[in-house]
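Worksheet: the structure to be examined is printed underneath.
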Amino acid sequence: MGGKRRRLQWLCFVLALGCATASARAAGEYRTVEIESLKIEIDTEWGVRTAPGYLPVRFALTNLGEARVVEIVGQGNRYFRGVRGMQGGGIVVRQAVRLARGDRVRLTIPVPILGTNENIRFEIREDGRTLAPFNYTGFESNSLPGDASALIVADRSSPFGTMVSGWPRRMSAVVGSATFVVPSGTVTAGPAGRTVTSAGGAPLDFLLAPVRLPTNWLGYTSLRAVVIGPDEWRQLDDAQKSALLTWTACGGDLMLVDGDLGLLFPDERRRPADTGNGAVRGYFFGRIHRPTSAAIGTAGLASVLSDAQKVQDANWALPANGARDWGTIAGRGFRLLIPGVDGVPARAYLSILIVFSLLIGPANYWFLWRKRQQVLLVLTAPLISALFIVVLGAYVVAGEGLGVRGRAATFTMLDQARQQASTRGSMSLYAAGMTPAGGLRFPRDAAVFSIGPQGTGSRDAQALDLTDAQRFSGGLIQARSPANIEQIGFRPARERLSFNREGSGMTVVNGLGATVSMLVYRDRDNVYSLAGPLSNGGKATMKTGALEAGTVVPFDLPLSSRFVHLLEHQPAGSYLAVLERSPFWDHGVSGVVERGSFHLVFGWPEGQP
């Protein structure tokens with residue numbers, strides 16, 4: 001048995017060697033086709049080994065004919081490694097694009113990825129027929145953050161572009177208990193720790209020219225980090241710059257090599273404080289690093305990324321699966337247990353089905369046999385079936401209703417000076433009577449991770465329409481089944497709390513758009529708190545002293561230890577407010593009845609330092 005396993009491991013190793021050469025730059029294709037007065041540029045090249053997030057597929061469409069509407073359709077397969085081997089799933093992504101004569105439209109299609117392995121193929125369709133098919137793109141998509149590819153933005157004609165060719169880390173392949181660096185390099189095989197040392201392996205990280213960067217921040221969620229030089233940053237358009245800064249605010253590691261913060265933030269009011277010594281600066285949930293090219297050349301990019309990971313809070317950083325509680329399921333298929341929802345009442349359903357089987361079969365036949373009217377089986381069987389459908393439907397409605405119940409734990413970092421907010425949270429949903437009409441609908445710029453009832457990703461086939469929003473018409477939520485979703489977003493925010501000294505006390509005016517349940521404000525060495533509710537627009541006087549963390553944070557949240565730590569180490573000039581509902585959070589479906597939710601806002605009245 002052991003010999004067969006070793007042979008299987010070496011077979012996988014050989015396959016990895018064969019695939020490594022094709023992955024030396026990036027996975028995907030980059031080409032242009034022209035058909036029926038439509039010029040199509042597609043760019044699917046991205047990291048060969050990514051974390052759960054999104055794959056950014058870039059298109060440029062030029063219409064040389066009459067006005068038309070074309071549809072971009074992507075069809076993908078995903079595979080999950082489990083205790084029973086590989087399990088499959090799939091996704092269909094579509095977006096309609098309206099083109100006037102002479103229009104040139106550049107857009108990024110963000111494709112959710114979270115399986116162990118994935119492949120996806122795109123087509124351009126018009127009036128139900130395929131104009132142009134493109135090749136399949138395959139890649140790993142469930143790597144740990146440290147093993148995910150990093151993007152190096154490099155213009156080969158710039159000084160930065162000429163020095164980065166040797167920076168990419170080397171790719172390793174893990175097979176069972178063996179770790180391989182492919183196609184050559186350090187090979188550690190088996191528990192005995194047998195080691196072979198040679199030159200180096202295929203690149204894990206990849207290079208892209210500035211013009212090829214996505215215009216949607218979601219694509220960066222699958223990467224370990226982005227490394228860029230000053231000249232390359234200047235070549236980006238406004239949409240590309242905004243995408244990179246949004247990704248950073250949501251938890252990304254942005255490395256500006258040999259540059260200063262003024263380049264990223266020309267507006268001083270939105271610029272993080274610069275200590276002048278090249279220190280790492282926090283930007284909402286993310287970090288901005290300013291290493292020198294000399295330092296990276298000496299230490300190596302792997303060492304620089306490892307050091308960056310040490311100063312980042314992995315619980316709020318990207319990639320999202322770096323959080324300690326990523327994929328944690330509290331019970332019964334729910335990440336967050338919803339009060340009053342115990343999951344599918346399987347015993348009751350089974351009892352109803354047993355009674356149905358007995359009545360429609362033996363009891364029905366015996367009764368008609370006694371009456372010598374067996375021919376009526378063709379009438380009584382459908383009548384009994386209809387009756388039990390009504391009974392089962394009535395039981396579901398009476399016992400669970402037709403609405404959607406949910407519970408969320410969200411954390412928002414609100415910078416009142418910049419008027420921006422970044423939110424990250426977890427949500428569990430339960431649709432009782434039926435699946436919500438149209439599925440779930442989220443903003444186009446929200447990162448949505450469907451982790452499923454097992455915490456490792458939804459196996460259901462997903463259908464996503466990106467024409468107007470992120471509308472998941474299938475795959476995220478099913479009737480009488482747990483749905484678990486992680487979500488990250490960043491948006492402009494005018495919401496605020498206003499603090500004023502009145503005598504020896506402190507007053508607060510609530511402008512957050514929701515009732516504040518509890519509030520703690522730290523002003524230099526003084527701490528003020530509010531233990532009672534404060535409605536939106538209301539004003540109250542705060543008392544001196546902090547609140548016990550145990551009274552603020554529900555103990556049964558998977559995220560509770562992270563919130564407790566923040567309460568116990570709250571920085572000066574900030575406040576922590578617990579809201580009854582969050583205006584920064586989108587459930588994806590209207591009319592959700594929240595039970596036991598926890599919404600925490602970490603606010604900076606004078607701006608994040």
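By convention here, the chains of the structure tokens are called A, B, ... in the order presented, each chain's residues are numbered starting at 1, and ligands are numbered starting at 1 in the order presented.
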| task | Give the strand (DSSP E) residues of range 461-554 of chain A, as assigned by DSSP on the backbone, as a VMD selection string. | result | chain A and resid 462 to 465 470 to 474 482 to 492 496 to 502 505 to 511 516 to 523 526 to 530 539 to 544
Can you list every residue of range 56-76 of chain A that has an atom at most 10 Å from range 132-147 of chain A, with its nearest atom pair and the distance in Å to one decimal, using only C-alpha atoms, ordered by chain then number, as a Markdown table?
```
| residue | atom | partner | partner_atom | distance |
| --- | --- | --- | --- | --- |
| A:Ile72 | CA | A:Ala132 | CA | 9.9 |
| A:Val73 | CA | A:Pro133 | CA | 9.6 |
| A:Gly74 | CA | A:Phe134 | CA | 9.6 |
| A:Gln75 | CA | A:Tyr136 | CA | 9.3 |
| A:Gly76 | CA | A:Tyr136 | CA | 8.5 |
```
Can you spit out the residues from that selection as a PDB file, in the first residue's frame, using C-alpha atoms?
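Result file again-v2.pdb:
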```pdb
ATOM      1  CA  ILE A  72     -19.903  37.925 -22.367  1.00  0.00           C
ATOM      2  CA  VAL A  73     -20.411  34.424 -20.936  1.00  0.00           C
ATOM      3  CA  GLY A  74     -17.942  32.454 -18.854  1.00  0.00           C
ATOM      4  CA  GLN A  75     -18.469  28.799 -17.990  1.00  0.00           C
ATOM      5  CA  GLY A  76     -16.247  27.196 -15.416  1.00  0.00           C
TER       6      GLY A  76
END
```
| as a PyMOL selection string, which residues of range 388-538 of chain A does DSSP assign to alpha helix (DSSP H)? | chain A and resi 388-400
Could you write those residues out with C-alpha atoms, as a PDB file, in the first residue's frame?
```
ATOM      1  CA  PHE A 388     -49.785  15.812   1.018  1.00  0.00           C
ATOM      2  CA  ILE A 389     -48.140  18.599  -0.968  1.00  0.00           C
ATOM      3  CA  VAL A 390     -50.653  20.978   0.604  1.00  0.00           C
ATOM      4  CA  VAL A 391     -50.071  19.462   4.064  1.00  0.00           C
ATOM      5  CA  LEU A 392     -46.285  19.684   3.716  1.00  0.00           C
ATOM      6  CA  GLY A 393     -46.477  23.266   2.422  1.00  0.00           C
ATOM      7  CA  ALA A 394     -48.803  24.260   5.255  1.00  0.00           C
ATOM      8  CA  TYR A 395     -46.451  22.686   7.796  1.00  0.00           C
ATOM      9  CA  VAL A 396     -43.472  24.601   6.386  1.00  0.00           C
ATOM     10  CA  VAL A 397     -45.359  27.922   6.346  1.00  0.00           C
ATOM     11  CA  ALA A 398     -46.859  27.415   9.814  1.00  0.00           C
ATOM     12  CA  GLY A 399     -43.606  26.248  11.370  1.00  0.00           C
ATOM     13  CA  GLU A 400     -41.036  28.426   9.603  1.00  0.00           C
TER      14      GLU A 400
END
```
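If only C-alpha atoms are the atoms counted, then among A:Arg101, A:Arg129, A:His569, A:Lys543 the closest residue to Leu519 in chain A is A:Lys543.
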| request: Pick out the closest residue to Thr410 in chain A from this set: A:Glu71, A:Glu232, A:Glu580, A:Glu123. Count only C-alpha atoms. | output: A:Glu580
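Remark: for Val553 in chain A, the closest of the candidate residues A:Glu568, A:Asp313, A:Glu34, A:Asp260 is A:Glu568 (distances computed over only C-alpha atoms).
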Near Gly53 in chain A, counting only C-alpha atoms, which residues have an atom at most 6 Å away, once you skip same-chain residues fewer than 4 positions from it, shown as a PDB file with C-alpha atoms, in the first residue's frame?
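Contents of the output file result23.pdb:
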```
ATOM      1  CA  PRO A 112     -15.520  34.185  -7.995  1.00  0.00           C
ATOM      2  CA  ILE A 113     -12.931  31.451  -7.391  1.00  0.00           C
ATOM      3  CA  THR A 221      -8.438  39.633  -3.602  1.00  0.00           C
ATOM      4  CA  SER A 222      -6.902  36.384  -4.869  1.00  0.00           C
TER       5      SER A 222
END
```
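Within 10 Å of range 296-302 of chain A, once only C-alpha atoms are used and residues closer than 4 positions along the same chain are dropped, the contacting residues are A:Gly146, A:Ala150, A:Met163, A:Val164, A:Gly166, A:Trp167, A:Pro168, A:Arg169, A:Arg170, A:Asp205, A:Val227, A:Val257, A:Pro291, A:Thr292, A:Ser306, A:Asp307, A:Ala308.
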N, CA and C atoms of the current selection, written as a PDB file, in the first residue's frame:
```pdb
ATOM      1  N   GLY A 146       0.194  32.853   2.157  1.00  0.00           N
ATOM      2  CA  GLY A 146       1.629  32.881   1.898  1.00  0.00           C
ATOM      3  C   GLY A 146       2.041  32.139   0.652  1.00  0.00           C
ATOM      4  N   ALA A 150       2.020  36.700  -6.054  1.00  0.00           N
ATOM      5  CA  ALA A 150       2.065  38.154  -5.927  1.00  0.00           C
ATOM      6  C   ALA A 150       2.217  38.750  -7.325  1.00  0.00           C
ATOM      7  N   MET A 163      14.909  45.709 -13.426  1.00  0.00           N
ATOM      8  CA  MET A 163      15.550  45.076 -12.276  1.00  0.00           C
ATOM      9  C   MET A 163      14.709  43.969 -11.626  1.00  0.00           C
ATOM     10  N   VAL A 164      13.417  43.822 -12.012  1.00  0.00           N
ATOM     11  CA  VAL A 164      12.529  42.935 -11.259  1.00  0.00           C
ATOM     12  C   VAL A 164      12.466  41.522 -11.805  1.00  0.00           C
ATOM     13  N   GLY A 166      14.328  39.041 -11.665  1.00  0.00           N
ATOM     14  CA  GLY A 166      14.768  37.992 -10.749  1.00  0.00           C
ATOM     15  C   GLY A 166      14.051  37.999  -9.413  1.00  0.00           C
ATOM     16  N   TRP A 167      13.051  38.853  -9.247  1.00  0.00           N
ATOM     17  CA  TRP A 167      12.367  38.955  -7.959  1.00  0.00           C
ATOM     18  C   TRP A 167      11.343  37.854  -7.671  1.00  0.00           C
ATOM     19  N   PRO A 168      10.599  37.343  -8.656  1.00  0.00           N
ATOM     20  CA  PRO A 168       9.523  36.386  -8.335  1.00  0.00           C
ATOM     21  C   PRO A 168      10.008  35.199  -7.510  1.00  0.00           C
ATOM     22  N   ARG A 169       9.177  34.816  -6.526  1.00  0.00           N
ATOM     23  CA  ARG A 169       9.451  33.626  -5.730  1.00  0.00           C
ATOM     24  C   ARG A 169       9.276  32.372  -6.589  1.00  0.00           C
ATOM     25  N   ARG A 170       9.768  31.255  -6.084  1.00  0.00           N
ATOM     26  CA  ARG A 170       9.676  29.994  -6.804  1.00  0.00           C
ATOM     27  C   ARG A 170       8.483  29.187  -6.319  1.00  0.00           C
ATOM     28  N   ASP A 205       5.283  34.095  -8.582  1.00  0.00           N
ATOM     29  CA  ASP A 205       4.782  35.447  -8.812  1.00  0.00           C
ATOM     30  C   ASP A 205       4.858  35.784 -10.305  1.00  0.00           C
ATOM     31  N   VAL A 227       3.244  44.594  -6.035  1.00  0.00           N
ATOM     32  CA  VAL A 227       4.497  45.348  -5.971  1.00  0.00           C
ATOM     33  C   VAL A 227       4.545  46.250  -7.202  1.00  0.00           C
ATOM     34  N   VAL A 257       7.598  50.609  -4.352  1.00  0.00           N
ATOM     35  CA  VAL A 257       9.048  50.517  -4.257  1.00  0.00           C
ATOM     36  C   VAL A 257       9.676  51.854  -4.668  1.00  0.00           C
ATOM     37  N   PRO A 291       9.229  49.675   0.528  1.00  0.00           N
ATOM     38  CA  PRO A 291      10.599  49.146   0.543  1.00  0.00           C
ATOM     39  C   PRO A 291      11.429  49.767  -0.571  1.00  0.00           C
ATOM     40  N   THR A 292      12.714  49.702  -0.446  1.00  0.00           N
ATOM     41  CA  THR A 292      13.596  50.157  -1.510  1.00  0.00           C
ATOM     42  C   THR A 292      13.931  48.975  -2.420  1.00  0.00           C
ATOM     43  N   SER A 306       7.329  37.973   3.689  1.00  0.00           N
ATOM     44  CA  SER A 306       7.200  37.342   5.005  1.00  0.00           C
ATOM     45  C   SER A 306       7.218  38.387   6.116  1.00  0.00           C
ATOM     46  N   ASP A 307       8.102  39.375   5.999  1.00  0.00           N
ATOM     47  CA  ASP A 307       8.138  40.453   6.996  1.00  0.00           C
ATOM     48  C   ASP A 307       6.853  41.271   6.964  1.00  0.00           C
ATOM     49  N   ALA A 308       6.311  41.491   5.765  1.00  0.00           N
ATOM     50  CA  ALA A 308       5.065  42.245   5.652  1.00  0.00           C
ATOM     51  C   ALA A 308       3.913  41.524   6.320  1.00  0.00           C
TER      52      ALA A 308
END
```
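Nearest to Pro110 in chain A of all the residues A:Pro605, A:Gly331, A:Pro56, A:Gly340 is A:Pro56, based on only C-alpha atoms.
You can rank A:Gly88, A:Ala100, A:Ile360, A:Arg68 by their closest distance to Arg125 in chain A using only C-alpha atoms, and at the top of that list sits A:Arg68.
For the set A:Gly591, A:Pro492, A:Gly128, A:Gly596, the residue with the smallest atom-to-atom gap to Val70 in chain A is A:Gly128, counting only C-alpha atoms.
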| task | Write out as a ChimeraX atom specification each polymer residue whose atoms come within 10 Å of Arg524 in chain A, counting only C-alpha atoms; drop sequence neighbours fewer than 6 positions from it. | result | /A:571-574
